[in-house]
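Just below is one structure, and these are the notes that go with it.
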Amino acid sequence: MIITKKKERYSAQNLSDDYQLSQKENLPFVQHVGTDGRFKPEVKDFAGEMVKPKDDHQATDIKIIKYLAAKNLLFAKEKIIHSYPHCWRCDTPLLNYAASSWFVKVTDIKEKLVEKNKNVRWVPEEIGEGRFGKWLEGAKDWAVSRSRFWGTPLPVWQNSEGSKLFVDSVYTLKQYSKKSGNKYFIMRHGEAQHNVNNIEDYKGDPNNHITNKGKDDTLAQTKKLKKENIQLIISSPFLRTRESSEIVRNELGLQESALIFDDRIRESSYEDMSSVIKRVGEFIYESEKNYKEKNILIVSHGFPLWTLEKISTGGKAEGFTVEQMFNTSEVRKLDFVSLPHNDNYELDLHRPYIDEVAIEKDGEEYRRVPEVFDTWYDSGSVPFASRAAKDFKPADFIAEGLDQTRGWFYTLAALNAALFGDFPYKQVVVNGLILAEDGKKMSKRLKNYPELTEVLDKYGADALRYYLVSSSAVRAEDLRFSEKGLDEIVKKNNSRLENVVSFYELYAGDKNNEKNSSNHILDRWIDSRLAQLIKDVTEGLEKYELDRASRPIADFIDDLSTWYLRRSRTRPEALPKLREILLKAAQVMAPFVPFQAEDIYRRLNGSKESVHLESWLTEKEVDQKLMDEMEKARKVVSLALEQRQIKNIKVRQPLAKLEIKIDLGSEYLEIIKDEVNVKEVLVNNSLETEVSLDTELNPELIEEGKMRDAIRKVQEWRKEKGLKPGETTKYEVLKDDEAIFVKYKDEIQKATNVEF
């Protein structure tokens, strides 16, 4: 990948926090404009004036015109209406100017990008071929640097002559960093009396001498150090480290002046980790600065020495355990090189720490260039930023908004194709923008959208999730967010499904483990209907078409509630089947409505701890003939009910006969008969229309209709009273209804379980 530096068109915000935080930087602003968007002092007549005031964009322009006119220097003036760029965050006018920038030479890999894009599956397909594909075909070199304080620093160092070094890793940074020439060795004091007695000594007990064993061990370790040509010993001031250091100094034949004491490497409790890190870090970095070409032995305690090792690698000094403690008298070499670090002495490659690192090559000093990477460069580096290049593997899919065809989708492609010769993704799901209901972008400033927490509280996360994944937004089309749409989903999906589950819980009793052995046409149909749902959802998910995967769920809930359950309410043998269907439906719905699916699964005692631990359901064969026949039966019912509505005859009122032109089996005819509420259904192929409903009422039919009205009244009364199924109670019959209740006593009592 080639990175070069050249001129580009650049824009900056007048009052940018980035620039205010980096006043010391020599940023590439307009020659006479400061980093705060004001004219510099050399522009004497306008020094300190905002170039483009936020509240009055033309105020300074007018002052300049008046100034020129007063000096008789104004050639001409005219008013031109045009748009002007503003910061989308704070609505401040932006200043445009030319600046140097670093570019990735995308033009060298353009053909590769176009070719590799052909292997990616885009949803929707036309984005890959059109918007993104055309963008790649016309790709220009990519400006990747920004003159800001915050951001990933460019790893480029240059000397006073402009020669550059590219630093590709911390390892390389260590190799080139200016070094003191010091070599460090670290040693824990010899065994002390408190070590023997297992007593902690954080304050430096003046009686805590090292033992004879401690003296012998220290002497033995010192003999191994003789070949290292130790020139300086820096010791903790505690008694046990003083005594150990004196043994070392004497054995190595060093002058008294070669032994110094530093309070920063004294012992401390593990709980005081933060202060130990800071004082030990300050000590080692100051030593690196103060000494040159010295071989230095540091004599200290277990915890400070462990901290020194952590700091030398740039890692976090946390998680210390006793098992990591140095042995008494143990000596190790400390591989220390100055690294850019934060206040906790952890490796930090960001500004300002990285800018303090000077590197050296062939006697020349190099300093880092001031620019940082455009954050899109970071975003494009995601697939390889945290792992070795040899582990590079493309993601199965990524998903983002349509605006990322020239953003994240592109930067991912450009960087990974340049570095590894391929795209880092196999499939891309492109989302549209979620707009306010008025079609404008959602804006905190305009407050043209409801608060998310209020939406979640009112409609639930499941409804919002389903609303989005089943919408056109998952196919790169903009969606006008509407609470009406959410409310509709709650009513048609969530609430309706909840009612089905509640019905099961109300009537199931202890039948959860009951096997369904019914061969009823409705049970066979709902099995096939579930198989169709699994097939449709699976196909949609495998093609990453979320709308196609999610929309069949709403249709299934409708069929389950308004057809299967409606026609099966009086069939106790249907309850085990209903439980089976609900559990499997919960598994299918889990990716789309995870909370309700989990709730259903637990309430119906699913076999695993969570529905989300279930394997995806395998597809079963759909009985298409049964599905088609049931669809015909439902169409007949719909047409017959329309005729009832035209004649203004309630469904509770029995009718004598329905004739149909469609030839259906007896099981379907029985369903039609119950649903339309007729005494018989006849197939008549000579009908001119599909259905013909006999709407003539005789006294017997009218009286039966009154009986059904009586049953409905009692059932509604039971519901108001909160009575459970099977619970017997007394019902007071109104005087006007006495005749019907007396005549049809047995039928009413059997249907309602009341006495009167």
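Each chain of the structure tokens is named A, B, ... in the order shown, its residues numbered from 1; ligands are numbered from 1 in display order.
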| said: Can you tell me which residues surround Tyr504 of chain A at a distance of at most 12 Å, considering only C-alpha atoms, apart from same-chain residues fewer than 2 positions away, and format the answer as a PyMOL selection string? | reply: chain A and resi 497-502+506-512+561+565+568-569+571-583+600+603-604+725
Could you turn the residues from that selection into a file that holds N, CA and C atoms, as a CSV table (one decimal), in the first residue's frame?
```
chain,number,residue,atom,x,y,z
A,497,LEU,N,-50.4,-12.6,19.8
A,497,LEU,CA,-49.7,-13.8,20.2
A,497,LEU,C,-49.8,-14.0,21.7
A,498,GLU,N,-49.7,-12.9,22.4
A,498,GLU,CA,-49.9,-13.0,23.9
A,498,GLU,C,-51.3,-13.6,24.2
A,499,ASN,N,-52.3,-13.3,23.5
A,499,ASN,CA,-53.6,-13.8,23.8
A,499,ASN,C,-53.7,-15.3,23.5
A,500,VAL,N,-53.0,-15.8,22.5
A,500,VAL,CA,-52.9,-17.2,22.2
A,500,VAL,C,-52.3,-17.9,23.3
A,501,VAL,N,-51.2,-17.4,23.8
A,501,VAL,CA,-50.4,-18.1,24.9
A,501,VAL,C,-51.3,-18.1,26.2
A,502,SER,N,-52.0,-16.9,26.4
A,502,SER,CA,-52.8,-16.9,27.6
A,502,SER,C,-54.0,-17.8,27.5
A,506,LEU,N,-54.7,-20.8,30.2
A,506,LEU,CA,-56.0,-20.8,30.9
A,506,LEU,C,-56.7,-22.2,30.8
A,507,TYR,N,-56.5,-22.9,29.7
A,507,TYR,CA,-57.2,-24.1,29.5
A,507,TYR,C,-56.4,-25.4,29.6
A,508,ALA,N,-55.0,-25.2,29.6
A,508,ALA,CA,-54.2,-26.4,29.6
A,508,ALA,C,-54.1,-27.2,30.9
A,509,GLY,N,-54.2,-26.5,32.0
A,509,GLY,CA,-54.1,-27.2,33.3
A,509,GLY,C,-52.7,-27.8,33.4
A,510,ASP,N,-52.8,-29.1,33.7
A,510,ASP,CA,-51.5,-29.9,33.8
A,510,ASP,C,-51.2,-30.8,32.6
A,511,LYS,N,-51.6,-30.3,31.5
A,511,LYS,CA,-51.5,-31.1,30.3
A,511,LYS,C,-50.2,-30.8,29.4
A,512,ASN,N,-49.2,-30.2,30.1
A,512,ASN,CA,-48.0,-29.8,29.3
A,512,ASN,C,-47.3,-31.0,28.7
A,561,SER,N,-53.9,-17.4,15.3
A,561,SER,CA,-54.9,-16.8,16.1
A,561,SER,C,-56.3,-16.8,15.6
A,565,LEU,N,-56.7,-21.3,16.2
A,565,LEU,CA,-57.2,-21.2,17.5
A,565,LEU,C,-58.7,-21.0,17.5
A,568,SER,N,-60.4,-24.1,16.9
A,568,SER,CA,-60.0,-25.2,17.8
A,568,SER,C,-60.4,-25.0,19.2
A,569,ARG,N,-61.0,-23.9,19.6
A,569,ARG,CA,-61.3,-23.5,20.9
A,569,ARG,C,-62.1,-24.6,21.7
A,571,ARG,N,-62.0,-27.8,21.1
A,571,ARG,CA,-61.3,-29.1,20.9
A,571,ARG,C,-60.2,-29.3,22.0
A,572,PRO,N,-60.5,-29.9,23.1
A,572,PRO,CA,-59.5,-30.1,24.2
A,572,PRO,C,-58.2,-30.8,23.7
A,573,GLU,N,-58.4,-31.7,22.7
A,573,GLU,CA,-57.3,-32.5,22.2
A,573,GLU,C,-56.3,-31.6,21.4
A,574,ALA,N,-56.8,-30.3,21.1
A,574,ALA,CA,-55.9,-29.4,20.3
A,574,ALA,C,-54.9,-28.7,21.2
A,575,LEU,N,-55.1,-28.7,22.5
A,575,LEU,CA,-54.2,-28.0,23.4
A,575,LEU,C,-52.7,-28.5,23.4
A,576,PRO,N,-52.4,-29.8,23.4
A,576,PRO,CA,-51.0,-30.2,23.3
A,576,PRO,C,-50.4,-29.8,21.9
A,577,LYS,N,-51.2,-29.8,20.9
A,577,LYS,CA,-50.7,-29.3,19.6
A,577,LYS,C,-50.4,-27.8,19.6
A,578,LEU,N,-51.3,-27.1,20.3
A,578,LEU,CA,-51.1,-25.7,20.4
A,578,LEU,C,-49.7,-25.4,21.1
A,579,ARG,N,-49.5,-26.1,22.2
A,579,ARG,CA,-48.2,-25.9,23.0
A,579,ARG,C,-47.0,-26.2,22.1
A,580,GLU,N,-47.1,-27.3,21.3
A,580,GLU,CA,-46.0,-27.7,20.4
A,580,GLU,C,-45.7,-26.6,19.4
A,581,ILE,N,-46.8,-26.1,18.8
A,581,ILE,CA,-46.7,-25.1,17.8
A,581,ILE,C,-46.1,-23.8,18.4
A,582,LEU,N,-46.6,-23.4,19.6
A,582,LEU,CA,-46.1,-22.2,20.2
A,582,LEU,C,-44.6,-22.3,20.5
A,583,LEU,N,-44.1,-23.4,21.0
A,583,LEU,CA,-42.7,-23.6,21.4
A,583,LEU,C,-41.8,-23.5,20.1
A,600,ILE,N,-42.4,-16.7,26.0
A,600,ILE,CA,-43.3,-17.9,25.6
A,600,ILE,C,-42.6,-19.2,25.9
A,603,ARG,N,-42.6,-19.9,29.7
A,603,ARG,CA,-43.9,-20.1,30.3
A,603,ARG,C,-44.5,-21.4,29.9
A,604,LEU,N,-44.1,-21.9,28.7
A,604,LEU,CA,-44.5,-23.2,28.2
A,604,LEU,C,-43.5,-24.4,28.5
A,725,PRO,N,-62.4,-21.3,33.5
A,725,PRO,CA,-63.1,-22.4,32.9
A,725,PRO,C,-63.3,-23.5,33.9
```
| query | Can you list, as a VMD selection string, every protein, DNA or RNA residue that comes within 10 Å of Asp91 of chain A when you count only C-alpha atoms, leaving out same-chain residues fewer than 2 positions away? | reply | chain A and resid 13 54 to 55 85 to 89 93 to 94 445
Next, the residues of the selection above should be written as a PDB file, in the first residue's frame with C-alpha atoms.
```pdb
ATOM      1  CA  GLN A  13     -14.778  24.362  11.669  1.00  0.00           C
ATOM      2  CA  LYS A  54     -22.024  32.052  13.838  1.00  0.00           C
ATOM      3  CA  ASP A  55     -24.911  34.431  14.581  1.00  0.00           C
ATOM      4  CA  PRO A  85     -21.175  24.584   4.289  1.00  0.00           C
ATOM      5  CA  HIS A  86     -21.922  24.406   7.997  1.00  0.00           C
ATOM      6  CA  CYS A  87     -20.851  22.026  10.746  1.00  0.00           C
ATOM      7  CA  TRP A  88     -23.657  19.500  11.110  1.00  0.00           C
ATOM      8  CA  ARG A  89     -23.078  19.314  14.863  1.00  0.00           C
ATOM      9  CA  PRO A  93     -19.964  28.103   9.180  1.00  0.00           C
ATOM     10  CA  LEU A  94     -16.885  26.280   7.908  1.00  0.00           C
ATOM     11  CA  ARG A 445     -31.921  20.291  17.332  1.00  0.00           C
TER      12      ARG A 445
END
```
| request: Provide the atom CA of Tyr449 of chain A to atom CA of Asp487 of chain A distance in Å, to one decimal place. | output: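 These two atoms are separated by 15.6 Å.
For the pair atom CA of Lys620 of chain A and atom CA of Lys535 of chain A, the separation is 8.0 Å.
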Which residues of segment 513-569 of chain A sit at most 10 Å from segment 669-683 of chain A, using only C-alpha atoms? Give each one's shortest atom pair and distance in Å (one decimal place), in chain and ascending residue order, as a Markdown table.
```
| residue | atom | partner | partner_atom | distance |
| --- | --- | --- | --- | --- |
| A:Ile521 | CA | A:Ile671 | CA | 9.2 |
| A:Leu522 | CA | A:Ile671 | CA | 8.9 |
| A:Trp563 | CA | A:Glu675 | CA | 9.6 |
| A:Arg566 | CA | A:Glu675 | CA | 9.0 |
| A:Arg567 | CA | A:Ile671 | CA | 7.5 |
```
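Taking only C-alpha atoms into account, Val490 of chain A lies nearest to A:Gln596 out of the set A:Tyr184, A:Lys543, A:Arg351, A:Gln596.
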| request: Just list the residues in segment 485-681 of chain A DSSP gives helix (DSSP H, G or I) on the backbone, as a ChimeraX atom specification. | output: /A:485-508,521-542,546-568,574-589,594-603,611-613,624-647,666-676
| For Arg266 of chain A, which of A:Gly204, A:Phe326, A:Ser244, A:Leu456 is the closest residue, counting only C-alpha atoms? |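 Of A:Gly204, A:Phe326, A:Ser244, A:Leu456, the one nearest Arg266 of chain A is A:Gly204, counting only C-alpha atoms.
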| Interatomic distance between atom CA of Tyr467 of chain A and atom CA of Ala590 of chain A? | 14.7 Å
| Near segment 312-316 of chain A, within 12 Å and counting only C-alpha atoms, which residues show up once chain neighbours fewer than 2 positions away are dropped, as a count of residues only? | 41
